[in-house]
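Participant: The structure that follows is given in the form of C-alpha cells.
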Amino acid sequence: MSVTVRVPAKVNVQLAVGGARADGFHDLANVFLAVGLYDEVTATPADELRVTCSGPDAHQVPLDRGNLAARAALALVERHGVAPDVHLHIAKDIPVAGGMAGGSADAAGALVACDALWGTGASRGELLGICAELGSDVPFSLVGGAALGTGRGEVLTPLEVGGTFHWVFALADGGLSTPAVYREFDRLWEGHEVPAPEASPDLIEALRAGDGVALAGVLSNDLQPAALSLFPALERTLAAGTDGGALAALVSGSGPTTAFLAKDEESARSVADALLASRTCRAVRVTSGPAPGATVRAHGT
Ligand code: C5P
C-alpha cells in the first residue's frame, strides 16, 4: 500500500513586505497563485523514516531529517502517536531553492500522504495548523488556487480567479536562500520606515476578472530589489523576457527563478524561446495557473 500526492508550485503575483518583526519574520500581504508545475510525494510503509528524491535537481535536495517532508511526517507522528515507519519519495519537478515553494510543496504533500497512509484522519484545520508550523508558504501549498496570505504569509484568505493565466519561468544557475534575501531586504531599508504591507485591490480585481493585461500592470514583488542585489544577472533575464514579448516580468518570491506573464499559451511559447535564445537562464518552463492544491493521485497496493 502506498499513497501519492501531487502538489503545485506557486508564484507570488504580489509580495508586499513590511518591516522585520520581533520574531525576525516580516509581515506580508502575499498574493499566491498556484501554477501547474508539480512535485509528487509518495508515502510507502518502511522499517524507519527515509526520504529519497528523483528528478533533474534531486542532488540539491537534503535527505536528512531537516528535509521539510520528513519534518511534516514527524509532526504528524508526534501528534498522533504513530510510528514514523515510512519511506517518502519525492519526484521533484519544482525548481529547488528557486522561490517557487518547492520545499513547502513537499511538506504539504508528505503531510497529506502520511495522513492517508496511516489513517490518522487529521481535520483540514489540523493539517493547516501543522503546515503553518512547518513554514510560512506551506499552508498555501496545501490549498492551491489563489489566496492572500497575511501574517508571515500563513493566514490565508482564498481569492476568486476568473480565468487562466499563462506563465513562463526562467530557471537560474544557482539558488538564493530565502533568509538571505530577507536579510538583504532589511539592509536595503536600513534607516527607513517600511510601510505596512497591503494587498492591491486592483490586483485582486484583475485575478477575479481573469484579465492578464490588467494583472501584468500591477504585479509586484518587494523582495525583487533584494534578490537583484544578491543576483544582479537576473536583470538581464527579466529584460530578455520582456523584449521577447512578455506582458510583464518579475522575480518569483525570493528568487532566483524569474516569472513572465504572457498573453496566451502561444505567446508564452515564444517568450520561452526568446529566453532560451538569450542564454540568460539555465532552462525555461511554460505553464499556467491557477492549479489545484495538494491532491491524492493514487492509492497503490
Ligand atoms: O517560514 P519559512 O521557514 O519558509 O521562512 C524561511 C525564512 O524566510 C525565515 O527564516 C525568515 O528568514 C524569512 N521569512 C521572513 N518573513 C516571512 C517569511 C519568511 O522573514 N514572512
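Chain identifiers are assigned as A, B, and so on, following the order in which chains appear in the C-alpha cells; residues are numbered from 1 within each chain, and ligands are numbered from 1 in order of appearance.
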Using only C-alpha atoms, find each residue in stretch 5-55 of chain A having at least one atom no more than 9 Å away from stretch 196-203 of chain A; report its shortest atom-to-atom pair and that distance in Å (one decimal), rows by chain then rising number, as a Markdown table.

Facilitator:
```
| residue | atom | partner | partner_atom | distance |
| --- | --- | --- | --- | --- |
| A:Val13 | CA | A:Leu203 | CA | 8.2 |
| A:Gln14 | CA | A:Ala199 | CA | 7.4 |
| A:Leu15 | CA | A:Ala199 | CA | 8.4 |
| A:Ala16 | CA | A:Pro197 | CA | 5.0 |
| A:Val17 | CA | A:Pro197 | CA | 5.5 |
| A:Gly18 | CA | A:Ala196 | CA | 5.1 |
| A:Gly19 | CA | A:Ala196 | CA | 7.5 |
| A:Asp27 | CA | A:Pro197 | CA | 7.0 |
| A:Leu28 | CA | A:Pro197 | CA | 5.7 |
| A:Ala29 | CA | A:Pro197 | CA | 5.3 |
| A:Asn30 | CA | A:Ala199 | CA | 7.3 |
| A:Val31 | CA | A:Ala199 | CA | 7.4 |
```

Participant: Would you export the selected residues with C-alpha atoms as an mmCIF file, in the first residue's frame, please?

Facilitator:
```cif
data_model
loop_
_atom_site.group_PDB
_atom_site.id
_atom_site.type_symbol
_atom_site.label_atom_id
_atom_site.label_comp_id
_atom_site.auth_asym_id
_atom_site.auth_seq_id
_atom_site.Cartn_x
_atom_site.Cartn_y
_atom_site.Cartn_z
ATOM 1 C CA VAL A 13 1.711 37.894 -8.046
ATOM 2 C CA GLN A 14 2.051 40.422 -5.236
ATOM 3 C CA LEU A 15 4.559 40.183 -2.415
ATOM 4 C CA ALA A 16 4.251 43.229 -0.157
ATOM 5 C CA VAL A 17 6.772 43.053 2.692
ATOM 6 C CA GLY A 18 6.648 45.058 5.921
ATOM 7 C CA GLY A 19 9.435 45.714 8.427
ATOM 8 C CA ASP A 27 4.514 40.853 7.985
ATOM 9 C CA LEU A 28 3.320 40.222 4.455
ATOM 10 C CA ALA A 29 0.493 40.841 2.063
ATOM 11 C CA ASN A 30 1.327 37.878 -0.117
ATOM 12 C CA VAL A 31 -0.906 37.043 -3.088
#
```

Participant: Would you mind listing the residues within 6 Å of ligand 1, counting only C-alpha atoms and all ligand atoms, as JSON, numbers by chain?

Facilitator: {"A": [24, 25, 26, 27, 28, 135, 136, 137, 152, 153, 178, 179, 182]}

Participant: Can you spit out the residues from that selection as a PDB file, in the first residue's frame, using C-alpha atoms?

Facilitator:
```pdb
ATOM      1  CA  GLY A  24      12.575  38.060  12.836  1.00  0.00           C
ATOM      2  CA  PHE A  25       9.774  37.316  10.367  1.00  0.00           C
ATOM      3  CA  HIS A  26       8.181  40.015   8.216  1.00  0.00           C
ATOM      4  CA  ASP A  27       4.514  40.853   7.985  1.00  0.00           C
ATOM      5  CA  LEU A  28       3.320  40.222   4.455  1.00  0.00           C
ATOM      6  CA  GLY A 135       6.840  27.148   7.064  1.00  0.00           C
ATOM      7  CA  SER A 136       5.115  30.340   6.017  1.00  0.00           C
ATOM      8  CA  ASP A 137       4.281  29.099   2.487  1.00  0.00           C
ATOM      9  CA  ARG A 152       4.000  35.902   7.853  1.00  0.00           C
ATOM     10  CA  GLY A 153       2.065  34.561   4.858  1.00  0.00           C
ATOM     11  CA  THR A 178      15.129  32.929   1.442  1.00  0.00           C
ATOM     12  CA  PRO A 179      16.530  34.135   4.811  1.00  0.00           C
ATOM     13  CA  TYR A 182      15.006  38.892   3.644  1.00  0.00           C
TER      14      TYR A 182
END
```

Participant: Which residues are near A:Ala107? Cut-off 12 Å, only C-alpha atoms, ignore same chain within fewer than 6 positions. Put them as a ChimeraX atom specification.

Facilitator: /A:5-8,39-42,51,66-76,88-90,101,113-114,127-128,130-142,294

Participant: Between A:Ala277, A:Leu250, A:Val61, A:Leu215, which residue has the minimum interatomic distance to A:Lys92, considering only C-alpha atoms?

Facilitator: A:Val61

Participant: Please identify all polymer residues within 7 Å of A:Ala227, counting only C-alpha atoms, omitting same-chain residues fewer than 4 positions from it, and present them as a compact mmCIF listing (two decimals) with N, CA and C atoms, in the first residue's frame.

Facilitator:
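Output file selection.txt is given in full below:
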```
# COMPACT_ATOMS: atom_id res chain seq x y z
N VAL A 181 17.75 36.61 1.43
CA VAL A 181 17.06 37.66 0.67
C VAL A 181 16.31 38.59 1.62
N LEU A 223 10.47 41.94 -2.63
CA LEU A 223 11.77 41.29 -2.43
C LEU A 223 12.65 41.39 -3.67
N PHE A 231 21.82 38.89 -6.78
CA PHE A 231 21.93 38.09 -8.01
C PHE A 231 21.69 39.02 -9.20
N SER A 254 11.36 34.87 -3.44
CA SER A 254 12.71 35.32 -3.09
C SER A 254 13.73 35.00 -4.18
N GLY A 255 13.26 34.45 -5.32
CA GLY A 255 14.12 34.17 -6.45
C GLY A 255 14.99 32.94 -6.21
N PRO A 256 15.91 32.65 -7.16
CA PRO A 256 16.23 33.43 -8.35
C PRO A 256 15.43 33.04 -9.59
```

Participant: List as a PDB file with C-alpha atoms, in the first residue's frame the protein and nucleic acid residues near A:Ala216, meaning an atom at most 10 Å away when only C-alpha atoms are counted, but skip any in the same chain fewer than 5 places from it.

Facilitator:
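Saved file result.pdb follows:
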```
ATOM      1  CA  VAL A  13       1.711  37.894  -8.046  1.00  0.00           C
ATOM      2  CA  LEU A 203      -4.587  43.126  -8.425  1.00  0.00           C
ATOM      3  CA  ALA A 206      -7.512  41.525 -12.142  1.00  0.00           C
ATOM      4  CA  ASP A 211      -7.556  39.718 -17.046  1.00  0.00           C
ATOM      5  CA  ALA A 246       6.072  39.022 -22.104  1.00  0.00           C
ATOM      6  CA  LEU A 247       3.327  41.274 -20.708  1.00  0.00           C
ATOM      7  CA  ALA A 248       5.357  41.634 -17.518  1.00  0.00           C
ATOM      8  CA  ALA A 249       8.337  40.113 -15.731  1.00  0.00           C
ATOM      9  CA  LEU A 250       9.236  39.733 -12.068  1.00  0.00           C
ATOM     10  CA  PHE A 260       6.939  36.101 -17.098  1.00  0.00           C
ATOM     11  CA  LEU A 261       3.241  36.652 -17.669  1.00  0.00           C
ATOM     12  CA  ALA A 262       2.188  36.058 -21.279  1.00  0.00           C
ATOM     13  CA  LYS A 263      -0.942  36.952 -23.233  1.00  0.00           C
TER      14      LYS A 263
END
```

Participant: When you count only C-alpha atoms, which of these residues is closest to A:Arg282: A:Pro195, A:Gly174, A:Ala46, A:Val155?

Facilitator: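 Ranking A:Pro195, A:Gly174, A:Ala46, A:Val155 by distance to A:Arg282, first place goes to A:Gly174.
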
Participant: Could you give me, as a list in words, the residues within 10 Å of A:Pro45, counting only C-alpha atoms and dropping anything in the same chain fewer than 6 positions from it?

Facilitator: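 Final neighbour list, sorted by chain and number: Met1, Ser2, Val3, Pro84, Asp85, Val86, His87, Leu88, Cys114, Leu117 and Trp118 of chain A.
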
Participant: Figure out the distance between atom CA of A:Asp243 and atom CA of A:Trp167, please, to one decimal in Å.

Facilitator: 15.3 Å

Participant: Check the smallest atom-to-atom distance from each of A:Asp264, A:Glu190, A:Glu184, A:Asp93 to A:Ala226 using only C-alpha atoms, then report the winner.

Facilitator: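 So, comparing all the options, the nearest one is A:Glu184.
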
Participant: With only C-alpha atoms as the atoms that count, which of A:Asp47, A:Cys53, A:Leu207, A:Ala116 lies nearest to A:Pro290?

Facilitator: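 Among A:Asp47, A:Cys53, A:Leu207, A:Ala116, it is A:Leu207 that comes nearest to A:Pro290.
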
Participant: Run DSSP on the backbone of this structure and report the residues of stretch 224-260 of chain A it assigns to strand (DSSP E), as a ChimeraX atom specification.

Facilitator: /A:248-251,258-260

Participant: Have a look at atom CA of A:Gly125 and atom CA of A:Ser104 and let me know their distance in Å, one decimal.

Facilitator: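 Separation of atom CA of A:Gly125 and atom CA of A:Ser104: 17.3 Å.
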
Participant: Between atom CA of A:Ser177 and atom CA of A:Val194, what is the spacing in Å?

Facilitator: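 Spanning atom CA of A:Val194 to atom CA of A:Ser177 is a straight-line distance of 21.8 Å.
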
Participant: Any idea what's packed within 12 Å of A:Arg236, counting only C-alpha atoms, ignoring anything in its chain fewer than 3 positions away? Could you give it as a PDB file with C-alpha atoms, in the first residue's frame?

Facilitator:
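Listing of part-v1.pdb after writing:
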```
ATOM      1  CA  ALA A 170      13.225  31.015 -16.253  1.00  0.00           C
ATOM      2  CA  ALA A 172      18.664  30.488 -12.907  1.00  0.00           C
ATOM      3  CA  LEU A 228      18.595  41.522  -7.735  1.00  0.00           C
ATOM      4  CA  PHE A 231      21.931  38.088  -8.011  1.00  0.00           C
ATOM      5  CA  PRO A 232      22.422  41.029 -10.448  1.00  0.00           C
ATOM      6  CA  ALA A 233      22.473  38.769 -13.539  1.00  0.00           C
ATOM      7  CA  ALA A 239      14.893  42.182 -19.861  1.00  0.00           C
ATOM      8  CA  ALA A 240      15.188  39.202 -22.234  1.00  0.00           C
ATOM      9  CA  GLY A 241      11.664  38.062 -21.320  1.00  0.00           C
ATOM     10  CA  THR A 242      10.053  41.487 -21.794  1.00  0.00           C
ATOM     11  CA  ASP A 243      11.997  42.018 -25.046  1.00  0.00           C
ATOM     12  CA  GLY A 244      10.688  38.588 -26.067  1.00  0.00           C
ATOM     13  CA  ALA A 249       8.337  40.113 -15.731  1.00  0.00           C
ATOM     14  CA  LEU A 250       9.236  39.733 -12.068  1.00  0.00           C
ATOM     15  CA  VAL A 251      11.334  37.709  -9.683  1.00  0.00           C
ATOM     16  CA  THR A 258      12.067  34.737 -12.782  1.00  0.00           C
ATOM     17  CA  LEU A 275      14.589  33.474 -23.094  1.00  0.00           C
ATOM     18  CA  SER A 278      19.170  34.933 -24.841  1.00  0.00           C
ATOM     19  CA  ARG A 279      21.300  32.466 -22.837  1.00  0.00           C
ATOM     20  CA  THR A 280      20.419  34.361 -19.670  1.00  0.00           C
ATOM     21  CA  CYS A 281      18.919  31.328 -17.908  1.00  0.00           C
TER      22      CYS A 281
END
```

Participant: Which residue is closest to A:Asp106? Choose from A:Val213, A:Thr4, A:Ser288, A:Ala146 and count only C-alpha atoms.

Facilitator: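 Closest to A:Asp106 of all the choices is A:Thr4.
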
Participant: DSSP on the backbone, alpha helix (DSSP H) only: what residues of stretch 64-275 of chain A does that give? Format it as a PyMOL selection string.

Facilitator: chain A and resi 68-80+102-118+124-134+138-143+178-189+201-209+212-218+224-230+234-243+265-275

Participant: Nearest residue to A:Val82 out of A:Gly98, A:Gly103, A:Gly119, A:Pro56, using only C-alpha atoms?

Facilitator: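 Looking only at the distances to A:Val82, the closest residue turns out to be A:Gly119.
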